[in-house]
Amino acid sequence: MTLTTSVPAATDRAARPDRRPWFMLAVLLLGQFMALLDVTVVNVAMTDIRTDLHTSGAALQLVVSGYTVGYAMLLITGARLGELYGRRRLFVTGTIAFTVFSLLCGLAPGAGVLIAARIAQGAGAALMMPQVISVIQAQFTGPARAKALSAYTAVISVAFVAGQVVGGVLVGADLFGAGWRPIFLVNVPIGVVVAVLAAKLVPGGAAKAGRRLDLAGLAIAVPAVVLVVLPLVLGHETGWPAWTFASIAAGVLLAVLFVVVERRVRDPLVNLEVLRIRGVAPGLAALATGIASYGGFLFCVSLHLQTGLGETALAAGLTMAPGGVVFGVCGFFWNRLPQRVHAWLTPCGYVGSAVAYVLLGLGSDGGALFSAALLLFGLSMGCAFGSLMAHALTHVPLESAADVSGLLTTTLQLGQVVGVATFGSVFLTLAGVSSAHAITTTMTWAAVLLLVGAGFAVVLARTSVRRWSGCRP
């Protein structure tokens, strides 16, 4: 009797699919969502922070952008450290650091402490984020990897839009009379849960024998990124003084030096040879143009809704939310479409998004055309980004995962910063005369940038089609 009941049970267990990797992915993506949320969640609380802490305009800008600066500084390093010391250890360490400094942000008595905590919070996120894509590369293969990358893309798209909605709700609720502080304190319980579960679910991974951290590359990469990012995030607030242009020029020169050094050292911080992997170079180029236009879109449309159409920050977030939801859904389910069209979703999606940008400019009064354009954008860009990530990364070998992860996350973050700085500066300059003219102009140029990105995406699509055709019997 015992044998007859136990054998089927064992058989049922063996027949069930292993869900552990998907639970692990859910935990990793929750950490990623939390980290990405903090890029935009603070935007809706700027007025309250300024009133409560009596901050200057420049200090307030550092509160907003300090996170990005800290994040950008360690992105490439975070990926390599995960390879050297274990992805689980780096993800958990980054999550703990992010959580601790989120608590410090929420309890900050003044602007100085808040700025320092925001920079450190961003550094913690930089240790977390590259591990997510590296773990996906290591733990998932074939269709499962494509599905995992689709989930990764969907979380990115939803998190940026959700930041404004979540921030608006928390600030408006004024929980316990704490005003703006819950936008940071809410990270604490979530961060604790993510750290505990990640320690149990994420494989540890052993350090690779003979590998070492490229200190020369690190000494060049960190200041290069800071010299480029800092003036981009502070330039408009400070009126673009001469030092901002000198800083960007110095950062570009250091970037060139970084490439020279990395080609000569035995164990580089970033192995630039991964750009020779089929699909990686055009994929990163398409990603850079797409994410730059996306960053400019989020910033400019949000500002137009508030300054031009008089909506509150929460109302602006809710206006954009349907498009964000469509973006996330399409970014996850794009692979349900016939396989023969998969490779062409990115160029077609970019063209569709460019059309949506133009329609946003034409419907700048916020009517039905404006709403339809937001939905078209979500549909087009969701399919484009999901397909882009899969076709650019699914054939990257495991030994190159850390290098590609560092390049990917750096491209995402720097592309976002460049998009916000460039399109944001144009919008703010023109908005003094007319917000409608400002949104029409910025969205037109964003459409042009996306069409350039569509060209890179065509190269990627042809590469993918050749690879797929070559595998046919």
# chains A, B, ... in the order shown; residues from 1 in each chain; ligands from 1
>>> closest_atom_pairs(of="segment 171-277 of chain A", to="segment 126-135 of chain A", cutoff="12 Å", atoms="only C-alpha atoms", output="tab-separated table")
residue	atom	partner	partner_atom	distance
A:Gly191	CA	A:Met128	CA	11.3
A:Val194	CA	A:Met128	CA	11.0
A:Ala195	CA	A:Met128	CA	10.4
A:Ala198	CA	A:Met128	CA	10.9
A:Leu201	CA	A:Val135	CA	11.4
A:Val202	CA	A:Val135	CA	8.2
A:Pro203	CA	A:Val135	CA	8.6
A:Gly204	CA	A:Val135	CA	10.3
A:Gly205	CA	A:Val135	CA	10.0
>>> residues_around(residues="Ala438 of chain A", least_positions_apart="6", cutoff="10 Å", atoms="only C-alpha atoms", output="ChimeraX atom specification")
/A:300-301,304,308,361,364,423-424,426-432,444
>>> write_last_selection(atoms="N, CA, C and O atoms", output="tab-separated table (two decimals), in the first residue's frame")
chain	number	residue	atom	x	y	z
A	300	CYS	N	10.11	64.75	-20.97
A	300	CYS	CA	9.44	65.87	-21.64
A	300	CYS	C	7.92	65.76	-21.57
A	300	CYS	O	7.23	66.75	-21.32
A	301	VAL	N	7.38	64.56	-21.79
A	301	VAL	CA	5.93	64.40	-21.73
A	301	VAL	C	5.41	64.64	-20.32
A	301	VAL	O	4.37	65.28	-20.12
A	304	HIS	N	5.43	68.35	-19.80
A	304	HIS	CA	4.37	69.01	-20.58
A	304	HIS	C	3.01	68.82	-19.92
A	304	HIS	O	2.20	69.76	-19.86
A	308	GLY	N	2.53	72.40	-18.96
A	308	GLY	CA	1.75	72.88	-20.09
A	308	GLY	C	0.26	72.68	-19.93
A	308	GLY	O	-0.54	73.55	-20.27
A	361	GLY	N	3.27	65.23	-30.58
A	361	GLY	CA	3.44	66.65	-30.87
A	361	GLY	C	2.21	67.26	-31.49
A	361	GLY	O	1.80	68.37	-31.14
A	364	SER	N	-0.73	67.88	-28.84
A	364	SER	CA	-0.15	68.44	-27.61
A	364	SER	C	-1.18	69.02	-26.65
A	364	SER	O	-0.86	69.33	-25.51
A	423	PHE	N	17.22	66.13	-24.53
A	423	PHE	CA	15.84	66.52	-24.85
A	423	PHE	C	15.25	67.40	-23.76
A	423	PHE	O	14.46	68.30	-24.04
A	424	GLY	N	15.64	67.14	-22.50
A	424	GLY	CA	15.14	67.97	-21.41
A	424	GLY	C	15.60	69.41	-21.52
A	424	GLY	O	14.83	70.34	-21.27
A	426	VAL	N	16.42	71.00	-24.30
A	426	VAL	CA	15.70	71.63	-25.41
A	426	VAL	C	14.27	71.99	-24.98
A	426	VAL	O	13.78	73.09	-25.24
A	427	PHE	N	13.62	71.05	-24.29
A	427	PHE	CA	12.23	71.30	-23.86
A	427	PHE	C	12.16	72.48	-22.90
A	427	PHE	O	11.32	73.39	-23.07
A	428	LEU	N	13.02	72.50	-21.89
A	428	LEU	CA	12.97	73.57	-20.88
A	428	LEU	C	13.29	74.92	-21.50
A	428	LEU	O	12.76	75.95	-21.07
A	429	THR	N	14.16	74.94	-22.49
A	429	THR	CA	14.49	76.19	-23.16
A	429	THR	C	13.29	76.72	-23.95
A	429	THR	O	12.97	77.92	-23.89
A	430	LEU	N	12.62	75.83	-24.66
A	430	LEU	CA	11.49	76.25	-25.50
A	430	LEU	C	10.20	76.43	-24.71
A	430	LEU	O	9.31	77.18	-25.12
A	431	ALA	N	10.09	75.75	-23.57
A	431	ALA	CA	8.84	75.79	-22.80
A	431	ALA	C	8.57	77.16	-22.21
A	431	ALA	O	7.43	77.48	-21.87
A	432	GLY	N	9.62	77.99	-22.09
A	432	GLY	CA	9.41	79.34	-21.58
A	432	GLY	C	8.52	80.16	-22.50
A	432	GLY	O	7.86	81.09	-22.06
A	444	THR	N	9.71	65.53	-32.19
A	444	THR	CA	10.15	65.39	-33.59
A	444	THR	C	11.59	64.90	-33.66
A	444	THR	O	11.91	63.97	-34.41
>>> atom_distance(atom1="atom CA of Phe176 of chain A", atom2="atom CA of Gln164 of chain A")
20.7 Å
>>> atom_distance(atom1="atom CA of Gly279 of chain A", atom2="atom CA of Ala392 of chain A")
4.9 Å
>>> select_by_dssp(residues="segment 55-217 of chain A", states="helix (DSSP H, G or I)", output="PyMOL selection string")
chain A and resi 57-73+75-85+87-107+111-139+142-173+175-177+182-185+187-201+215-217
>>> residues_around(residues="segment 380-382 of chain A", least_positions_apart="4", cutoff="8 Å", atoms="only C-alpha atoms", output="list in words")
Ala154, Ser157, Val326, Phe327, Gly328, Val329, Cys330, Gly331, Phe332, Trp334, Thr346, Cys348, Gly349, Tyr350, Gly352, Ser353, Leu376 and Gly386 of chain A
>>> closest_atom_pairs(of="segment 164-265 of chain A", to="segment 56-79 of chain A", cutoff="8 Å", atoms="only C-alpha atoms", output="JSON lines")
{"residue": "A:Leu218", "atom": "CA", "partner": "A:Thr77", "partner_atom": "CA", "distance": 7.1}
{"residue": "A:Ala221", "atom": "CA", "partner": "A:Met73", "partner_atom": "CA", "distance": 7.9}
{"residue": "A:Val222", "atom": "CA", "partner": "A:Met73", "partner_atom": "CA", "distance": 5.2}
{"residue": "A:Pro223", "atom": "CA", "partner": "A:Met73", "partner_atom": "CA", "distance": 7.7}
{"residue": "A:Val225", "atom": "CA", "partner": "A:Met73", "partner_atom": "CA", "distance": 6.0}
{"residue": "A:Val226", "atom": "CA", "partner": "A:Met73", "partner_atom": "CA", "distance": 6.3}
{"residue": "A:Val229", "atom": "CA", "partner": "A:Val69", "partner_atom": "CA", "distance": 6.5}
{"residue": "A:Leu230", "atom": "CA", "partner": "A:Val69", "partner_atom": "CA", "distance": 6.6}
{"residue": "A:Val233", "atom": "CA", "partner": "A:Ser65", "partner_atom": "CA", "distance": 6.1}
{"residue": "A:Leu234", "atom": "CA", "partner": "A:Gln61", "partner_atom": "CA", "distance": 6.9}
{"residue": "A:Glu237", "atom": "CA", "partner": "A:Ala58", "partner_atom": "CA", "distance": 6.6}
{"residue": "A:Thr238", "atom": "CA", "partner": "A:Ala58", "partner_atom": "CA", "distance": 7.3}
>>> closest_residue(among="A:Thr307, A:Thr312, A:Gln137, A:Thr55", to="Ala401 of chain A", atoms="only C-alpha atoms")
A:Gln137
>>> residues_around(residues="Phe184 of chain A", least_positions_apart="4", cutoff="10 Å", atoms="only C-alpha atoms", output="list in words")
Asp38, Val41, Val42, Thr99, Phe101, Ser102, Leu103, Leu104, Cys105, Gly106, Leu107, Arg118, Gly167, Leu170, Trp180 and Val188 of chain A
>>> residues_around(residues="Ala288 of chain A", least_positions_apart="2", cutoff="12 Å", atoms="only C-alpha atoms", output="PyMOL selection string")
chain A and resi 281-286+290-295+385+388-389+407-419+449-450+452-454+456-457
>>> closest_residue(among="A:Ala242, A:Leu359, A:Val270, A:Ala321", to="Gly378 of chain A", atoms="only C-alpha atoms")
A:Ala321
